[in-house]
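A.B. asks: Data file model-v4.cif (mmCIF, C-alpha atoms) is appended below.
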```cif
data_model
#
loop_
_atom_site.group_PDB
_atom_site.id
_atom_site.type_symbol
_atom_site.label_atom_id
_atom_site.label_comp_id
_atom_site.auth_asym_id
_atom_site.auth_seq_id
_atom_site.Cartn_x
_atom_site.Cartn_y
_atom_site.Cartn_z
ATOM 1 C CA GLU U 1 99.610 75.503 91.880
ATOM 2 C CA ALA U 2 101.009 78.578 93.624
ATOM 3 C CA ASP U 3 103.442 80.767 91.721
ATOM 4 C CA ILE U 4 104.491 82.697 94.804
ATOM 5 C CA TYR U 5 105.479 80.877 97.944
ATOM 6 C CA GLN U 6 105.678 82.124 101.502
ATOM 7 C CA THR U 7 107.141 80.224 104.412
ATOM 8 C CA PRO U 8 106.377 79.643 107.163
ATOM 9 C CA ARG U 9 102.585 79.820 107.031
ATOM 10 C CA TYR U 10 102.375 80.282 110.799
ATOM 11 C CA LEU U 11 105.125 81.308 113.227
ATOM 12 C CA VAL U 12 105.022 81.762 116.990
ATOM 13 C CA ILE U 13 108.241 83.123 118.390
ATOM 14 C CA GLY U 14 109.576 84.703 121.568
ATOM 15 C CA THR U 15 110.415 88.352 122.047
ATOM 16 C CA GLY U 16 113.925 89.314 120.988
ATOM 17 C CA LYS U 17 114.398 86.554 118.443
ATOM 18 C CA LYS U 18 115.589 87.233 114.918
ATOM 19 C CA ILE U 19 113.262 85.973 112.213
ATOM 20 C CA THR U 20 113.226 85.828 108.444
ATOM 21 C CA LEU U 21 110.056 85.415 106.451
ATOM 22 C CA GLU U 22 110.681 83.813 103.095
ATOM 23 C CA CYS U 23 109.040 84.765 99.800
ATOM 24 C CA SER U 24 109.840 83.268 96.418
ATOM 25 C CA GLN U 25 108.154 83.570 93.042
ATOM 26 C CA THR U 26 108.643 81.556 89.888
ATOM 27 C CA MET U 27 107.118 84.001 87.397
ATOM 28 C CA GLY U 28 110.193 86.127 86.747
ATOM 29 C CA HIS U 29 108.459 89.281 87.970
ATOM 30 C CA ASP U 30 110.750 92.254 88.577
ATOM 31 C CA LYS U 31 108.422 93.913 91.089
ATOM 32 C CA MET U 32 107.844 92.444 94.520
ATOM 33 C CA TYR U 33 106.119 93.751 97.624
ATOM 34 C CA TRP U 34 105.528 93.104 101.311
ATOM 35 C CA TYR U 35 102.231 94.086 102.882
ATOM 36 C CA GLN U 36 101.367 93.987 106.581
ATOM 37 C CA GLN U 37 97.848 93.302 107.784
ATOM 38 C CA ASP U 38 96.670 93.422 111.380
ATOM 39 C CA PRO U 39 93.649 91.199 112.140
ATOM 40 C CA GLY U 40 90.476 92.602 110.611
ATOM 41 C CA MET U 41 92.271 95.580 109.130
ATOM 42 C CA GLU U 42 93.413 96.768 105.719
ATOM 43 C CA LEU U 43 96.742 95.904 104.144
ATOM 44 C CA HIS U 44 99.600 98.389 104.262
ATOM 45 C CA LEU U 45 102.665 98.381 102.038
ATOM 46 C CA ILE U 46 105.862 98.145 104.101
ATOM 47 C CA HIS U 47 108.511 97.302 101.474
ATOM 48 C CA TYR U 48 108.837 96.972 97.729
ATOM 49 C CA SER U 49 111.432 96.215 95.114
ATOM 50 C CA TYR U 50 111.588 96.984 91.413
ATOM 51 C CA GLY U 51 114.381 94.545 90.718
ATOM 52 C CA VAL U 52 117.610 92.997 91.937
ATOM 53 C CA ASN U 53 119.461 95.213 94.429
ATOM 54 C CA SER U 54 116.505 97.615 94.551
ATOM 55 C CA THR U 55 114.524 97.991 97.787
ATOM 56 C CA GLU U 56 112.346 100.824 99.054
ATOM 57 C CA LYS U 57 110.290 101.458 102.151
ATOM 58 C CA GLY U 58 106.552 101.536 101.769
ATOM 59 C CA ASP U 59 103.854 103.791 103.132
ATOM 60 C CA LEU U 60 103.776 102.189 106.585
ATOM 61 C CA SER U 61 106.889 102.490 108.698
ATOM 62 C CA SER U 62 108.287 99.117 109.664
ATOM 63 C CA GLU U 63 111.250 97.942 111.718
ATOM 64 C CA SER U 64 111.745 95.080 109.311
ATOM 65 C CA THR U 65 114.302 94.996 106.511
ATOM 66 C CA VAL U 66 114.313 93.302 103.122
ATOM 67 C CA SER U 67 116.829 92.229 100.525
ATOM 68 C CA ARG U 68 116.638 91.415 96.814
ATOM 69 C CA ILE U 69 119.735 89.547 95.749
ATOM 70 C CA ARG U 70 117.912 87.337 93.257
ATOM 71 C CA THR U 71 114.877 88.146 91.141
ATOM 72 C CA GLU U 72 112.835 85.296 92.568
ATOM 73 C CA HIS U 73 113.615 85.819 96.249
ATOM 74 C CA PHE U 74 112.480 88.681 98.535
ATOM 75 C CA PRO U 75 112.945 87.787 102.212
ATOM 76 C CA LEU U 76 111.845 89.990 105.105
ATOM 77 C CA THR U 77 113.850 90.082 108.342
ATOM 78 C CA LEU U 78 113.085 91.265 111.848
ATOM 79 C CA GLU U 79 116.294 91.548 113.887
ATOM 80 C CA SER U 80 114.531 91.524 117.250
ATOM 81 C CA ALA U 81 110.893 90.491 117.281
ATOM 82 C CA ARG U 82 108.448 92.256 119.609
ATOM 83 C CA PRO U 83 104.762 91.636 120.396
ATOM 84 C CA SER U 84 103.900 94.757 118.349
ATOM 85 C CA HIS U 85 105.155 92.862 115.271
ATOM 86 C CA THR U 86 102.349 90.336 115.623
ATOM 87 C CA SER U 87 100.510 90.524 112.318
ATOM 88 C CA GLN U 88 99.995 88.826 108.985
ATOM 89 C CA TYR U 89 102.642 89.507 106.344
ATOM 90 C CA LEU U 90 101.693 89.069 102.697
ATOM 91 C CA CYS U 91 104.203 88.947 99.875
ATOM 92 C CA ALA U 92 103.233 89.801 96.295
ATOM 93 C CA SER U 93 104.739 90.257 92.874
ATOM 94 C CA SER U 94 103.460 92.029 89.786
ATOM 95 C CA THR U 95 103.955 92.248 86.059
ATOM 96 C CA ARG U 96 104.783 95.525 84.329
ATOM 97 C CA GLN U 97 101.112 95.733 83.342
ATOM 98 C CA GLY U 98 100.037 95.581 86.985
ATOM 99 C CA GLY U 99 98.907 91.979 87.225
ATOM 100 C CA TYR U 100 99.297 91.106 90.888
ATOM 101 C CA THR U 101 99.883 87.742 92.554
ATOM 102 C CA PHE U 102 99.800 87.337 96.334
ATOM 103 C CA GLY U 103 101.301 84.605 98.455
ATOM 104 C CA SER U 104 99.311 82.797 101.134
ATOM 105 C CA GLY U 105 100.783 84.957 103.885
ATOM 106 C CA THR U 106 102.697 84.365 107.108
ATOM 107 C CA ARG U 107 100.823 84.781 110.354
ATOM 108 C CA LEU U 108 103.394 85.916 112.912
ATOM 109 C CA THR U 109 102.761 85.874 116.645
ATOM 110 C CA VAL U 110 105.415 87.243 118.979
ATOM 111 C CA VAL U 111 104.955 86.249 122.603
ATOM 112 C CA ALA L 1 97.846 110.719 97.552
ATOM 113 C CA GLN L 2 95.619 107.833 96.680
ATOM 114 C CA LYS L 3 92.729 106.737 98.840
ATOM 115 C CA VAL L 4 90.178 103.934 98.748
ATOM 116 C CA THR L 5 87.020 104.118 100.837
ATOM 117 C CA GLN L 6 84.807 101.178 101.652
ATOM 118 C CA ALA L 7 82.143 102.758 103.806
ATOM 119 C CA GLN L 8 80.409 99.484 104.641
ATOM 120 C CA THR L 9 82.253 97.827 107.509
ATOM 121 C CA GLU L 10 79.974 94.804 107.742
ATOM 122 C CA ILE L 11 77.002 93.519 105.762
ATOM 123 C CA SER L 12 74.760 90.622 106.743
ATOM 124 C CA VAL L 13 72.390 89.019 104.258
ATOM 125 C CA VAL L 14 70.337 85.900 104.018
ATOM 126 C CA GLU L 15 71.352 83.335 101.440
ATOM 127 C CA LYS L 16 70.054 84.000 97.923
ATOM 128 C CA GLU L 17 69.823 87.734 98.486
ATOM 129 C CA ASP L 18 71.738 90.061 96.176
ATOM 130 C CA VAL L 19 74.353 92.257 97.836
ATOM 131 C CA THR L 20 76.389 95.226 96.591
ATOM 132 C CA LEU L 21 79.706 96.242 98.096
ATOM 133 C CA ASP L 22 80.639 99.875 97.582
ATOM 134 C CA CYS L 23 84.057 101.253 96.731
ATOM 135 C CA VAL L 24 84.983 104.889 96.142
ATOM 136 C CA TYR L 25 88.499 105.931 95.228
ATOM 137 C CA GLU L 26 90.627 109.060 94.907
ATOM 138 C CA THR L 27 93.627 109.476 92.671
ATOM 139 C CA ARG L 28 95.347 112.161 90.622
ATOM 140 C CA ASP L 29 96.654 109.623 88.142
ATOM 141 C CA THR L 30 94.955 109.329 84.777
ATOM 142 C CA THR L 31 96.152 105.753 84.404
ATOM 143 C CA TYR L 32 95.412 103.347 87.206
ATOM 144 C CA TYR L 33 94.049 99.917 87.991
ATOM 145 C CA LEU L 34 91.247 98.921 90.308
ATOM 146 C CA PHE L 35 90.999 95.533 91.996
ATOM 147 C CA TRP L 36 88.665 93.489 94.139
ATOM 148 C CA TYR L 37 89.998 90.759 96.422
ATOM 149 C CA LYS L 38 88.250 88.255 98.648
ATOM 150 C CA GLN L 39 89.859 87.222 101.934
ATOM 151 C CA PRO L 40 88.349 84.152 103.604
ATOM 152 C CA PRO L 41 89.121 83.340 107.273
ATOM 153 C CA SER L 42 92.201 81.388 106.185
ATOM 154 C CA GLY L 43 93.798 84.736 105.370
ATOM 155 C CA GLU L 44 94.944 84.425 101.788
ATOM 156 C CA LEU L 45 93.880 87.024 99.238
ATOM 157 C CA VAL L 46 91.812 85.678 96.375
ATOM 158 C CA PHE L 47 91.940 87.812 93.248
ATOM 159 C CA LEU L 48 88.518 88.589 91.767
ATOM 160 C CA ILE L 49 88.955 91.272 89.133
ATOM 161 C CA ARG L 50 91.247 93.965 87.776
ATOM 162 C CA ARG L 51 90.074 96.892 85.643
ATOM 163 C CA ASN L 52 92.134 99.648 84.078
ATOM 164 C CA SER L 53 91.075 103.275 84.152
ATOM 165 C CA PHE L 54 90.328 103.383 80.434
ATOM 166 C CA ASP L 55 87.850 100.528 80.462
ATOM 167 C CA GLU L 56 84.527 101.527 81.981
ATOM 168 C CA GLN L 57 82.642 98.590 80.576
ATOM 169 C CA ASN L 58 80.745 96.750 83.265
ATOM 170 C CA GLU L 59 81.575 93.113 83.705
ATOM 171 C CA ILE L 60 79.688 90.027 84.749
ATOM 172 C CA SER L 61 81.327 86.771 85.761
ATOM 173 C CA GLY L 62 78.896 84.158 86.968
ATOM 174 C CA ARG L 63 77.208 85.519 90.084
ATOM 175 C CA TYR L 64 79.661 88.419 90.286
ATOM 176 C CA SER L 65 79.309 91.763 88.528
ATOM 177 C CA TRP L 66 81.202 95.028 88.700
ATOM 178 C CA ASN L 67 80.048 98.572 87.989
ATOM 179 C CA PHE L 68 82.892 100.980 87.241
ATOM 180 C CA GLN L 69 81.903 104.656 86.970
ATOM 181 C CA LYS L 70 84.708 107.104 86.493
ATOM 182 C CA SER L 71 82.382 110.093 86.845
ATOM 183 C CA THR L 72 81.698 109.183 90.457
ATOM 184 C CA SER L 73 85.050 107.437 91.115
ATOM 185 C CA SER L 74 83.265 104.279 92.113
ATOM 186 C CA PHE L 75 83.914 100.606 91.477
ATOM 187 C CA ASN L 76 81.082 98.667 93.079
ATOM 188 C CA PHE L 77 80.820 94.905 93.316
ATOM 189 C CA THR L 78 77.566 92.929 93.311
ATOM 190 C CA ILE L 79 77.039 89.312 94.249
ATOM 191 C CA THR L 80 73.802 87.871 92.912
ATOM 192 C CA ALA L 81 72.027 85.087 94.799
ATOM 193 C CA SER L 82 74.580 85.090 97.617
ATOM 194 C CA GLN L 83 75.764 81.840 99.174
ATOM 195 C CA VAL L 84 77.235 80.980 102.547
ATOM 196 C CA VAL L 85 80.600 80.370 100.854
ATOM 197 C CA ASP L 86 80.638 84.034 99.861
ATOM 198 C CA SER L 87 81.165 84.966 103.518
ATOM 199 C CA ALA L 88 84.537 86.721 103.696
ATOM 200 C CA VAL L 89 86.157 90.122 103.865
ATOM 201 C CA TYR L 90 86.208 91.886 100.510
ATOM 202 C CA PHE L 91 88.851 94.475 99.720
ATOM 203 C CA CYS L 92 88.843 97.075 96.991
ATOM 204 C CA ALA L 93 92.281 98.318 95.932
ATOM 205 C CA LEU L 94 93.808 100.950 93.670
ATOM 206 C CA SER L 95 97.127 100.669 91.901
ATOM 207 C CA GLU L 96 99.159 103.652 90.874
ATOM 208 C CA VAL L 97 101.196 103.245 87.709
ATOM 209 C CA THR L 98 103.906 105.800 88.299
ATOM 210 C CA GLY L 99 107.665 105.564 88.469
ATOM 211 C CA GLY L 100 107.610 102.011 87.198
ATOM 212 C CA GLY L 101 105.719 100.783 90.235
ATOM 213 C CA ASN L 102 102.330 99.242 90.882
ATOM 214 C CA LYS L 103 101.871 99.809 94.582
ATOM 215 C CA LEU L 104 98.419 98.933 95.862
ATOM 216 C CA THR L 105 96.356 101.105 98.178
ATOM 217 C CA PHE L 106 93.669 99.073 99.928
ATOM 218 C CA GLY L 107 90.345 100.035 101.404
ATOM 219 C CA THR L 108 89.505 98.975 104.933
ATOM 220 C CA GLY L 109 87.466 96.019 103.703
ATOM 221 C CA THR L 110 83.825 94.972 104.001
ATOM 222 C CA GLN L 111 82.980 91.922 106.085
ATOM 223 C CA LEU L 112 80.215 90.022 104.318
ATOM 224 C CA LYS L 113 78.228 87.471 106.304
ATOM 225 C CA VAL L 114 75.804 85.269 104.417
ATOM 226 C CA GLU L 115 73.491 83.298 106.650
ATOM 227 C CA LEU L 116 71.101 80.464 105.955
#
```
Can I see the file as structure tokens?

C.D. replies:
Amino acid sequence: EADIYQTPRYLVIGTGKKITLECSQTMGHDKMYWYQQDPGMELHLIHYSYGVNSTEKGDLSSESTVSRIRTEHFPLTLESARPSHTSQYLCASSTRQGGYTFGSGTRLTVV
Amino acid sequence: AQKVTQAQTEISVVEKEDVTLDCVYETRDTTYYLFWYKQPPSGELVFLIRRNSFDEQNEISGRYSWNFQKSTSSFNFTITASQVVDSAVYFCALSEVTGGGNKLTFGTGTQLKVEL
């Protein structure tokens, strides 16, 4: 039973469309993260949050934005999708002691 | 800045062989966590182990074992008697524990192929 949920699992969308990738966790974790992974490559942190109304950019620059209005919800939005945004996006949350849980990921293809 | 190096891009073994995946890390933190994850073709990350920087005891879990050596900044992972189902990309990761955060820095991954 997953404690962190990402939807959709796969998404194919046209250039210029606005998209929101959903991420929800039921563990009450304060810390949440978004990682981006190109096929066959390592994961890079693009956004993180330490709690409600807290969001920070990660190590890899991204045109996406995030919000954290509720503890359990950390959606990622792309205002205008481009082919260069094609990637896998993985959401995660962690305890204060550093125990990490990852979602199943969203594989985004922009055509 | 933190860094994780997995020098082995791809390893191919025959089933039942033992295989060791190398991981070397760099950090200025005295407190940190090290992780290993498995990523099958389906893309999800499967958690394997987490160790903190104060616990250098080696660990064995079934066919998996980990060798953490602070003196050489290494956290190597061995699979004994490999199986085809072990085929996946394996990532080593380092977590900083500063400023209230636990951001992960990943290595580039090692593709393990286990053949019959």

A.B. asks: Skip Ser71 (chain L) itself and residues of its chain fewer than 6 positions away, then list as an MDAnalysis selection string all residues within 12 Å of it, counting all atoms listed in the file.

C.D. replies: chainID L and resid 24:26 53 56

A.B. asks: How close does chain U get to chain L? List, as JSON lines, each residue of chain U within 12 Å, its nearest atom pair and the distance in Å to one decimal, counting all atoms listed in the file.

C.D. replies:
```
{"residue": "U:Ala2", "atom": "CA", "partner": "L:Glu44", "partner_atom": "CA", "distance": 11.7}
{"residue": "U:Ile4", "atom": "CA", "partner": "L:Glu44", "partner_atom": "CA", "distance": 12.0}
{"residue": "U:Tyr5", "atom": "CA", "partner": "L:Glu44", "partner_atom": "CA", "distance": 11.8}
{"residue": "U:Gln6", "atom": "CA", "partner": "L:Glu44", "partner_atom": "CA", "distance": 11.0}
{"residue": "U:Arg9", "atom": "CA", "partner": "L:Gly43", "partner_atom": "CA", "distance": 10.2}
{"residue": "U:Tyr10", "atom": "CA", "partner": "L:Gly43", "partner_atom": "CA", "distance": 11.1}
{"residue": "U:Asp30", "atom": "CA", "partner": "L:Gly101", "partner_atom": "CA", "distance": 10.0}
{"residue": "U:Lys31", "atom": "CA", "partner": "L:Gly101", "partner_atom": "CA", "distance": 7.4}
{"residue": "U:Met32", "atom": "CA", "partner": "L:Asn102", "partner_atom": "CA", "distance": 9.5}
{"residue": "U:Tyr33", "atom": "CA", "partner": "L:Lys103", "partner_atom": "CA", "distance": 8.0}
{"residue": "U:Trp34", "atom": "CA", "partner": "L:Lys103", "partner_atom": "CA", "distance": 10.2}
{"residue": "U:Tyr35", "atom": "CA", "partner": "L:Leu104", "partner_atom": "CA", "distance": 9.3}
{"residue": "U:Gln36", "atom": "CA", "partner": "L:Phe106", "partner_atom": "CA", "distance": 11.4}
{"residue": "U:Gln37", "atom": "CA", "partner": "L:Gly43", "partner_atom": "CA", "distance": 9.8}
{"residue": "U:Asp38", "atom": "CA", "partner": "L:Gly43", "partner_atom": "CA", "distance": 10.9}
{"residue": "U:Pro39", "atom": "CA", "partner": "L:Gly43", "partner_atom": "CA", "distance": 9.4}
{"residue": "U:Gly40", "atom": "CA", "partner": "L:Gly109", "partner_atom": "CA", "distance": 8.3}
{"residue": "U:Met41", "atom": "CA", "partner": "L:Thr108", "partner_atom": "CA", "distance": 6.1}
{"residue": "U:Glu42", "atom": "CA", "partner": "L:Thr108", "partner_atom": "CA", "distance": 4.6}
{"residue": "U:Leu43", "atom": "CA", "partner": "L:Phe106", "partner_atom": "CA", "distance": 6.1}
{"residue": "U:His44", "atom": "CA", "partner": "L:Phe106", "partner_atom": "CA", "distance": 7.4}
{"residue": "U:Leu45", "atom": "CA", "partner": "L:Leu104", "partner_atom": "CA", "distance": 7.5}
{"residue": "U:Ile46", "atom": "CA", "partner": "L:Lys103", "partner_atom": "CA", "distance": 10.5}
{"residue": "U:His47", "atom": "CA", "partner": "L:Lys103", "partner_atom": "CA", "distance": 9.9}
{"residue": "U:Tyr48", "atom": "CA", "partner": "L:Lys103", "partner_atom": "CA", "distance": 8.2}
{"residue": "U:Ser49", "atom": "CA", "partner": "L:Gly101", "partner_atom": "CA", "distance": 8.8}
{"residue": "U:Tyr50", "atom": "CA", "partner": "L:Gly101", "partner_atom": "CA", "distance": 7.1}
{"residue": "U:Gly51", "atom": "CA", "partner": "L:Gly100", "partner_atom": "CA", "distance": 10.7}
{"residue": "U:Thr55", "atom": "CA", "partner": "L:Gly101", "partner_atom": "CA", "distance": 11.9}
{"residue": "U:Glu56", "atom": "CA", "partner": "L:Gly101", "partner_atom": "CA", "distance": 11.0}
{"residue": "U:Lys57", "atom": "CA", "partner": "L:Lys103", "partner_atom": "CA", "distance": 11.4}
{"residue": "U:Gly58", "atom": "CA", "partner": "L:Lys103", "partner_atom": "CA", "distance": 8.7}
{"residue": "U:Asp59", "atom": "CA", "partner": "L:Thr105", "partner_atom": "CA", "distance": 9.4}
{"residue": "U:Leu60", "atom": "CA", "partner": "L:Thr105", "partner_atom": "CA", "distance": 11.3}
{"residue": "U:Ser87", "atom": "CA", "partner": "L:Gly43", "partner_atom": "CA", "distance": 11.3}
{"residue": "U:Gln88", "atom": "CA", "partner": "L:Gly43", "partner_atom": "CA", "distance": 8.3}
{"residue": "U:Tyr89", "atom": "CA", "partner": "L:Gly43", "partner_atom": "CA", "distance": 10.1}
{"residue": "U:Leu90", "atom": "CA", "partner": "L:Glu44", "partner_atom": "CA", "distance": 8.2}
{"residue": "U:Cys91", "atom": "CA", "partner": "L:Glu44", "partner_atom": "CA", "distance": 10.5}
{"residue": "U:Ala92", "atom": "CA", "partner": "L:Leu45", "partner_atom": "CA", "distance": 10.2}
{"residue": "U:Ser93", "atom": "CA", "partner": "L:Asn102", "partner_atom": "CA", "distance": 9.5}
{"residue": "U:Ser94", "atom": "CA", "partner": "L:Asn102", "partner_atom": "CA", "distance": 7.4}
{"residue": "U:Thr95", "atom": "CA", "partner": "L:Asn102", "partner_atom": "CA", "distance": 8.6}
{"residue": "U:Arg96", "atom": "CA", "partner": "L:Gly100", "partner_atom": "CA", "distance": 7.6}
{"residue": "U:Gln97", "atom": "CA", "partner": "L:Asn102", "partner_atom": "CA", "distance": 8.4}
{"residue": "U:Gly98", "atom": "CA", "partner": "L:Asn102", "partner_atom": "CA", "distance": 5.8}
{"residue": "U:Gly99", "atom": "CA", "partner": "L:Arg50", "partner_atom": "CA", "distance": 7.9}
{"residue": "U:Tyr100", "atom": "CA", "partner": "L:Phe47", "partner_atom": "CA", "distance": 8.4}
{"residue": "U:Thr101", "atom": "CA", "partner": "L:Phe47", "partner_atom": "CA", "distance": 8.0}
{"residue": "U:Phe102", "atom": "CA", "partner": "L:Leu45", "partner_atom": "CA", "distance": 6.6}
{"residue": "U:Gly103", "atom": "CA", "partner": "L:Glu44", "partner_atom": "CA", "distance": 7.2}
{"residue": "U:Ser104", "atom": "CA", "partner": "L:Glu44", "partner_atom": "CA", "distance": 4.7}
{"residue": "U:Gly105", "atom": "CA", "partner": "L:Glu44", "partner_atom": "CA", "distance": 6.2}
{"residue": "U:Thr106", "atom": "CA", "partner": "L:Gly43", "partner_atom": "CA", "distance": 9.1}
{"residue": "U:Arg107", "atom": "CA", "partner": "L:Gly43", "partner_atom": "CA", "distance": 8.6}
```

A.B. asks: Excluding Thr78 (chain L) and any residue of its chain fewer than 3 positions from it, enumerate the residues within 7 Å of it, using all atoms listed in the file, and give them as a ChimeraX atom specification.

C.D. replies: /L:19-21,64-66

A.B. asks: Once you count only C-alpha atoms, which residues end up no further than 7 Å from (104.5, 85.5, 121.8) in the file's frame, shown as a list of chain:residue names?

C.D. replies: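 Returned residue set, sorted by chain then number, is U:Val12, U:Ile13, U:Gly14, U:Thr15, U:Pro83, U:Thr109, U:Val110, U:Val111.
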
A.B. asks: If the PyMOL selection byres ((chain U and resi 70) around 12) were run on this exact file, what residues would it hold? Put them as a ChimeraX atom specification.

C.D. replies: /U:23-26,28-32,49-54,67-69,71-75

A.B. asks: Do you know which residues are at most 9 Å from Lys17 (chain U) counting all atoms listed in the file, after dropping those on the same chain fewer than 3 positions away, and could you put them as JSON, numbers by chain?

C.D. replies: {"U": [13, 14, 78, 79, 80, 81, 82]}

A.B. asks: Any chance you could work out the residue set of the PyMOL selection byres ((chain L and resi 80) around 6) here, as a JSON list (two decimals) with C-alpha atoms, in the frame of the given file?

C.D. replies:
```
[["chain", "number", "residue", "atom", "x", "y", "z"],
["L", 18, "ASP", "CA", 71.74, 90.06, 96.18],
["L", 63, "ARG", "CA", 77.21, 85.52, 90.08],
["L", 79, "ILE", "CA", 77.04, 89.31, 94.25],
["L", 81, "ALA", "CA", 72.03, 85.09, 94.80],
["L", 82, "SER", "CA", 74.58, 85.09, 97.62]]
```

A.B. asks: Mind giving me the straight-line distance from CA of Ala7 (chain L) to CA of Trp36 (chain L) in Å, one decimal?

C.D. replies: 14.9 Å

A.B. asks: For CA of Leu108 (chain U) and CA of Leu11 (chain U), quote the distance in Å rounded to one decimal.

C.D. replies: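 Interatomic distance, CA of Leu108 (chain U) to CA of Leu11 (chain U): 4.9 Å.
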
A.B. asks: Would you work out the distance separating CA of Thr27 (chain L) from CA of Ile11 (chain L), expressed in Å to one decimal?

C.D. replies: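 Going from CA of Thr27 (chain L) over to CA of Ile11 (chain L) covers 26.5 Å.
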
A.B. asks: Could region 69-80 of chain L be completed with N, CA, C and O atoms and written as a PDB file, keeping the file's coordinate frame, please?

C.D. replies:
```pdb
ATOM      1  N   GLN L  69      82.343 103.346  87.444  1.00  0.00           N
ATOM      2  CA  GLN L  69      81.903 104.656  86.970  1.00  0.00           C
ATOM      3  C   GLN L  69      82.965 105.691  87.317  1.00  0.00           C
ATOM      4  O   GLN L  69      83.102 106.092  88.477  1.00  0.00           O
ATOM      5  N   LYS L  70      83.651 106.130  86.287  1.00  0.00           N
ATOM      6  CA  LYS L  70      84.708 107.104  86.493  1.00  0.00           C
ATOM      7  C   LYS L  70      84.156 108.441  86.964  1.00  0.00           C
ATOM      8  O   LYS L  70      84.792 109.161  87.731  1.00  0.00           O
ATOM      9  N   SER L  71      82.956 108.784  86.508  1.00  0.00           N
ATOM     10  CA  SER L  71      82.382 110.093  86.845  1.00  0.00           C
ATOM     11  C   SER L  71      82.160 110.249  88.342  1.00  0.00           C
ATOM     12  O   SER L  71      82.216 111.356  88.883  1.00  0.00           O
ATOM     13  N   THR L  72      81.910 109.141  89.007  1.00  0.00           N
ATOM     14  CA  THR L  72      81.698 109.183  90.457  1.00  0.00           C
ATOM     15  C   THR L  72      82.834 108.503  91.218  1.00  0.00           C
ATOM     16  O   THR L  72      82.753 108.333  92.438  1.00  0.00           O
ATOM     17  N   SER L  73      83.895 108.113  90.503  1.00  0.00           N
ATOM     18  CA  SER L  73      85.050 107.437  91.115  1.00  0.00           C
ATOM     19  C   SER L  73      84.600 106.251  91.953  1.00  0.00           C
ATOM     20  O   SER L  73      84.994 106.089  93.116  1.00  0.00           O
ATOM     21  N   SER L  74      83.765 105.433  91.366  1.00  0.00           N
ATOM     22  CA  SER L  74      83.265 104.279  92.113  1.00  0.00           C
ATOM     23  C   SER L  74      83.485 102.988  91.331  1.00  0.00           C
ATOM     24  O   SER L  74      83.494 102.981  90.097  1.00  0.00           O
ATOM     25  N   PHE L  75      83.680 101.921  92.072  1.00  0.00           N
ATOM     26  CA  PHE L  75      83.914 100.606  91.477  1.00  0.00           C
ATOM     27  C   PHE L  75      83.211  99.585  92.368  1.00  0.00           C
ATOM     28  O   PHE L  75      83.821  98.910  93.182  1.00  0.00           O
ATOM     29  N   ASN L  76      81.889  99.492  92.192  1.00  0.00           N
ATOM     30  CA  ASN L  76      81.082  98.667  93.079  1.00  0.00           C
ATOM     31  C   ASN L  76      80.983  97.219  92.604  1.00  0.00           C
ATOM     32  O   ASN L  76      81.062  96.940  91.412  1.00  0.00           O
ATOM     33  N   PHE L  77      80.769  96.345  93.541  1.00  0.00           N
ATOM     34  CA  PHE L  77      80.820  94.905  93.316  1.00  0.00           C
ATOM     35  C   PHE L  77      79.509  94.290  93.811  1.00  0.00           C
ATOM     36  O   PHE L  77      79.121  94.521  94.953  1.00  0.00           O
ATOM     37  N   THR L  78      78.841  93.544  92.943  1.00  0.00           N
ATOM     38  CA  THR L  78      77.566  92.929  93.311  1.00  0.00           C
ATOM     39  C   THR L  78      77.657  91.417  93.221  1.00  0.00           C
ATOM     40  O   THR L  78      78.165  90.877  92.232  1.00  0.00           O
ATOM     41  N   ILE L  79      77.172  90.766  94.257  1.00  0.00           N
ATOM     42  CA  ILE L  79      77.039  89.312  94.249  1.00  0.00           C
ATOM     43  C   ILE L  79      75.550  89.000  94.133  1.00  0.00           C
ATOM     44  O   ILE L  79      74.738  89.444  94.962  1.00  0.00           O
ATOM     45  N   THR L  80      75.198  88.252  93.121  1.00  0.00           N
ATOM     46  CA  THR L  80      73.802  87.871  92.912  1.00  0.00           C
ATOM     47  C   THR L  80      73.548  86.502  93.542  1.00  0.00           C
ATOM     48  O   THR L  80      74.394  85.616  93.477  1.00  0.00           O
TER      49      THR L  80
END
```
